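Peer 1: Sharing a structure with you now.
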Amino acid sequence: MILEDFKLDGKVAVVTGAATGLGQALALGLAEAGADILGVGHTTSLDDTQKSIEKLGRSFVPFYCDVTERDSPRKIINAAVDHFGHVDILVNNAGILKRKEAENVPETDWDEVIRVNLRAPFFLAQAAARQMIKQGSGGRIINICSMLSYSGGILVASYTASKSGLAGLTRILANEWAKYGITVNGIAPGYMETRVTKPLRDDPVRNKEILSRIPLGRWGRPSDLKGAVVFLASAASNYVTGTILRVDGGWLTR
């Protein structure tokens with residue numbers, strides 16, 4: 001039965017940036033489908049995510065680190081294996097955004113965004129893939145991309161570069177790791193109701209401009225990503241790899 005294919009019972013997922021916003025919703029969605037979660041955070045407490053997931057009867061392991069540190073990928077995957085015995089799903093969600101006119105972007109800002117949004121996802125995917133290859137049972141890697149994986153935007157040169165790079169990385173890793181039964185896909189969220197977008201939502205002019213271009217006529221909610229991540233993490237997407245699933249209310253079709 002098709003609904004059985006969406007179940008994640010017995011699976012273990014690693015989700016970065018799991019403390020709030022999109023990452024928290026992604027972790028909850030996977031747990032609702034049956035997965036146990038190792039949630040990665042940095043400076044924000046993971047307590048709320050942990051409580052919500054444990055209420056579902058699933059296990060949650062909080063893991064605090066800076067994903068850009070050289071040894072963090074190995075430590076994250078080892079922590080999941082030490083606690084659960086295996087890793088089946090990786091969701092690369094942690095990311096940052098810095099707004100500045102392109103001619104004024106300092107090197108420090110550029111380097112930080114690229115480290116968090118592109119370098120860290122690659123090396124965490126590498127660490128996860130090595131473990132999945134060792135396990136011999138395949139796996140799922142899901143990168144959280146962006147609408148700016150497709151378009152240029154304004155005032156976010158480093159973010160656009162990093163998310164465009166992450167889209168390309170998704171495709172090449174899908175090619176290389178398919179032989180191991182590992183699928184690599186992405187999700188490109190649209191304009192979502194998160195802390196990062198609050199300045200845009202609070203600006204009546206920009207808010208109106210954005211809503212006027214969204215065919216579904218509303219800002220996305222973090223929970224809107226649950227279906228997409230469960231699909232890409234589950235057996236329902238067995239023949240899907242190298243794809244970026246847009247969850248944007250139709251923004252990119254306009």
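Identifiers in the structure tokens: chain A, B, ... in order shown; residue index from 1 per chain; ligand index from 1 in order shown.
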I'd like the contact shell of Ser212 (chain A) - 12 Å cut-off, only C-alpha atoms, skipping same-chain residues fewer than 5 positions apart - returned as a list in words.
Peer 2: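 Result of the neighbour search: Val205, Arg206, Asn207, Gly217, Arg218, Trp219, Gly249, Gly250, Trp251 and Arg254 of chain A.
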Peer 1: Name the residues in contact with region 42-47 of chain A at a cut-off of 12 Å, using only C-alpha atoms, excluding same-chain residues fewer than 3 positions from it; report them as a PyMOL selection string.
Peer 2: chain A and resi 15-21+23-24+27+37-39+50-54+60-69+72+94-95+116
Peer 1: Using only C-alpha atoms, which protein or nucleic acid residues come within 10 Å of region 174-188 of chain A? Drop anything in the same chain fewer than 5 positions from it, and give the result as a VMD selection string.
Peer 2: chain A and resid 88 to 93 125 129 132 to 134 136 to 150 163 166 to 169 225 228 to 229 232 to 233 237 to 248
Peer 1: So that I can check the surroundings of Ala161 (chain A), please list as a compact mmCIF listing (two decimals) with C-alpha atoms, in the first residue's frame every protein, DNA and RNA residue that reaches within 10 Å of it, counting only C-alpha atoms and ignoring chain neighbours fewer than 6 positions away.
Peer 2:
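Output (out07.txt):
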# COMPACT_ATOMS: atom_id res chain seq x y z
CA TRP A 110 31.20 36.33 2.24
CA VAL A 113 28.02 32.52 4.49
CA ILE A 114 29.89 30.18 2.14
CA ASN A 117 25.68 27.31 3.56
CA LEU A 118 27.96 25.40 1.18
CA LEU A 148 17.81 31.84 -4.99
CA SER A 149 19.19 28.54 -6.21
CA GLY A 152 19.61 36.20 -8.43
Peer 1: Please extract the residues of region 125-226 of chain A with a backbone DSSP assignment of strand (DSSP E) and present them as number ranges by chain.
Peer 2: A: 139-144, 182-189
Peer 1: Export N, CA, C and O atoms of the chosen residues as a PDB file, in the first residue's frame?
Peer 2:
ATOM      1  N   GLY A 139      20.493   5.302   1.613  1.00  0.00           N
ATOM      2  CA  GLY A 139      20.221   6.429   2.497  1.00  0.00           C
ATOM      3  C   GLY A 139      19.614   7.579   1.730  1.00  0.00           C
ATOM      4  O   GLY A 139      19.430   7.525   0.505  1.00  0.00           O
ATOM      5  N   ARG A 140      19.295   8.615   2.471  1.00  0.00           N
ATOM      6  CA  ARG A 140      18.666   9.808   1.916  1.00  0.00           C
ATOM      7  C   ARG A 140      19.418  11.048   2.406  1.00  0.00           C
ATOM      8  O   ARG A 140      19.591  11.248   3.621  1.00  0.00           O
ATOM      9  N   ILE A 141      19.847  11.887   1.470  1.00  0.00           N
ATOM     10  CA  ILE A 141      20.452  13.172   1.816  1.00  0.00           C
ATOM     11  C   ILE A 141      19.585  14.258   1.187  1.00  0.00           C
ATOM     12  O   ILE A 141      19.288  14.218  -0.012  1.00  0.00           O
ATOM     13  N   ILE A 142      19.161  15.210   2.006  1.00  0.00           N
ATOM     14  CA  ILE A 142      18.248  16.265   1.564  1.00  0.00           C
ATOM     15  C   ILE A 142      18.863  17.609   1.918  1.00  0.00           C
ATOM     16  O   ILE A 142      19.086  17.914   3.096  1.00  0.00           O
ATOM     17  N   ASN A 143      19.148  18.406   0.902  1.00  0.00           N
ATOM     18  CA  ASN A 143      19.731  19.735   1.105  1.00  0.00           C
ATOM     19  C   ASN A 143      18.635  20.796   1.008  1.00  0.00           C
ATOM     20  O   ASN A 143      17.843  20.793   0.053  1.00  0.00           O
ATOM     21  N   ILE A 144      18.624  21.699   1.971  1.00  0.00           N
ATOM     22  CA  ILE A 144      17.648  22.787   1.919  1.00  0.00           C
ATOM     23  C   ILE A 144      18.241  23.916   1.097  1.00  0.00           C
ATOM     24  O   ILE A 144      19.135  24.642   1.547  1.00  0.00           O
ATOM     25  N   ILE A 182      22.075   5.648  -2.406  1.00  0.00           N
ATOM     26  CA  ILE A 182      21.870   6.910  -1.688  1.00  0.00           C
ATOM     27  C   ILE A 182      21.263   7.916  -2.655  1.00  0.00           C
ATOM     28  O   ILE A 182      21.845   8.190  -3.715  1.00  0.00           O
ATOM     29  N   THR A 183      20.112   8.445  -2.321  1.00  0.00           N
ATOM     30  CA  THR A 183      19.529   9.506  -3.132  1.00  0.00           C
ATOM     31  C   THR A 183      19.879  10.853  -2.510  1.00  0.00           C
ATOM     32  O   THR A 183      19.963  10.989  -1.283  1.00  0.00           O
ATOM     33  N   VAL A 184      20.088  11.842  -3.359  1.00  0.00           N
ATOM     34  CA  VAL A 184      20.420  13.193  -2.911  1.00  0.00           C
ATOM     35  C   VAL A 184      19.477  14.161  -3.617  1.00  0.00           C
ATOM     36  O   VAL A 184      19.486  14.261  -4.852  1.00  0.00           O
ATOM     37  N   ASN A 185      18.662  14.832  -2.846  1.00  0.00           N
ATOM     38  CA  ASN A 185      17.688  15.767  -3.387  1.00  0.00           C
ATOM     39  C   ASN A 185      17.701  17.063  -2.585  1.00  0.00           C
ATOM     40  O   ASN A 185      18.348  17.154  -1.536  1.00  0.00           O
ATOM     41  N   GLY A 186      16.992  18.041  -3.077  1.00  0.00           N
ATOM     42  CA  GLY A 186      16.905  19.317  -2.381  1.00  0.00           C
ATOM     43  C   GLY A 186      15.465  19.771  -2.241  1.00  0.00           C
ATOM     44  O   GLY A 186      14.572  19.311  -2.954  1.00  0.00           O
ATOM     45  N   ILE A 187      15.261  20.678  -1.309  1.00  0.00           N
ATOM     46  CA  ILE A 187      13.978  21.378  -1.163  1.00  0.00           C
ATOM     47  C   ILE A 187      14.274  22.860  -1.247  1.00  0.00           C
ATOM     48  O   ILE A 187      15.192  23.355  -0.580  1.00  0.00           O
ATOM     49  N   ALA A 188      13.527  23.562  -2.076  1.00  0.00           N
ATOM     50  CA  ALA A 188      13.682  25.020  -2.201  1.00  0.00           C
ATOM     51  C   ALA A 188      12.448  25.692  -1.608  1.00  0.00           C
ATOM     52  O   ALA A 188      11.412  25.785  -2.270  1.00  0.00           O
ATOM     53  N   PRO A 189      12.536  26.136  -0.352  1.00  0.00           N
ATOM     54  CA  PRO A 189      11.390  26.816   0.253  1.00  0.00           C
ATOM     55  C   PRO A 189      11.169  28.187  -0.381  1.00  0.00           C
ATOM     56  O   PRO A 189      12.107  28.853  -0.829  1.00  0.00           O
TER      57      PRO A 189
END
Peer 1: Quick one: distance from CA of Val156 (chain A) to CA of Arg115 (chain A) in Å, one decimal?
Peer 2: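 Spanning CA of Val156 (chain A) to CA of Arg115 (chain A) is a straight-line distance of 15.1 Å.
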Peer 1: Report, in Å with one decimal, the straight-line distance from CA of Ala80 (chain A) to CA of Phe6 (chain A).
Peer 2: 22.1 Å
Peer 1: Determine, counting only C-alpha atoms, which protein, DNA and RNA residues have an atom within 8 Å of an atom of Ala157 (chain A); residues of the same chain fewer than 5 positions away are not included. Present the result as a count of residues only.
Peer 2: 4
Peer 1: Rank nothing, just name the residue among A:Thr253, A:Val40, A:Phe231, A:Arg201 nearest to Leu3 (chain A), using only C-alpha atoms.
Peer 2: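 Once distances to Leu3 (chain A) are computed over only C-alpha atoms, the minimum belongs to A:Phe231.
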Peer 1: Taking into account only C-alpha atoms, which residue in the set A:Pro73, A:Gly165, A:Gly41, A:Gly190 is nearest to Pro215 (chain A)?
Peer 2: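 Smallest distance to Pro215 (chain A) is found for A:Gly190.
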Peer 1: Skipping near chain neighbours, those fewer than 3 positions away, what residues fall within 6 Å of Lys226 (chain A) using only C-alpha atoms, listed as a PDB file with all heavy atoms, in the first residue's frame?
Peer 2:
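Final file, part-v4.pdb:
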ATOM      1  N   LEU A  26      11.044  20.586   9.928  1.00  0.00           N
ATOM      2  CA  LEU A  26      11.549  19.424   9.203  1.00  0.00           C
ATOM      3  C   LEU A  26      11.760  18.238  10.149  1.00  0.00           C
ATOM      4  O   LEU A  26      11.401  17.104   9.829  1.00  0.00           O
ATOM      5  CB  LEU A  26      12.857  19.786   8.505  1.00  0.00           C
ATOM      6  CG  LEU A  26      12.746  20.789   7.351  1.00  0.00           C
ATOM      7  CD1 LEU A  26      14.124  21.386   7.026  1.00  0.00           C
ATOM      8  CD2 LEU A  26      12.143  20.141   6.119  1.00  0.00           C
ATOM      9  N   GLY A  29       8.359  16.855  11.201  1.00  0.00           N
ATOM     10  CA  GLY A  29       7.730  16.090  10.142  1.00  0.00           C
ATOM     11  C   GLY A  29       8.300  14.686  10.034  1.00  0.00           C
ATOM     12  O   GLY A  29       7.569  13.699   9.901  1.00  0.00           O
ATOM     13  N   SER A 223       5.576  24.431   8.560  1.00  0.00           N
ATOM     14  CA  SER A 223       4.912  23.128   8.472  1.00  0.00           C
ATOM     15  C   SER A 223       4.614  22.723   7.032  1.00  0.00           C
ATOM     16  O   SER A 223       4.391  21.534   6.753  1.00  0.00           O
ATOM     17  CB  SER A 223       3.616  23.144   9.287  1.00  0.00           C
ATOM     18  OG  SER A 223       2.727  24.142   8.793  1.00  0.00           O
ATOM     19  N   VAL A 229       9.662  16.880   2.899  1.00  0.00           N
ATOM     20  CA  VAL A 229      10.815  16.186   3.481  1.00  0.00           C
ATOM     21  C   VAL A 229      10.504  14.718   3.752  1.00  0.00           C
ATOM     22  O   VAL A 229      11.360  13.848   3.563  1.00  0.00           O
ATOM     23  CB  VAL A 229      11.327  16.909   4.755  1.00  0.00           C
ATOM     24  CG1 VAL A 229      10.428  16.673   5.960  1.00  0.00           C
ATOM     25  CG2 VAL A 229      12.759  16.495   5.054  1.00  0.00           C
TER      26      VAL A 229
END
Peer 1: When you draw a straight line from CA of Asp111 (chain A) to CA of Ile210 (chain A), how long is it in Å?
Peer 2: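 Straight-line distance from CA of Asp111 (chain A) to CA of Ile210 (chain A) works out to 28.8 Å.
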Peer 1: If DSSP is run on the backbone, what residues of region 31-211 of chain A are helix (DSSP H, G or I)? A reply as number ranges by chain would be ideal.
Peer 2: A: 31-32, 47-55, 72-84, 102-104, 107-135, 147-149, 157-180, 198-202, 204-211
Peer 1: From the options A:Gly57, A:Pro204, A:Pro106, A:Gly10, which residue's atoms come nearest to Ser158 (chain A), counting only C-alpha atoms?
Peer 2: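 With only C-alpha atoms as the atom set, the closest residue is A:Pro106.
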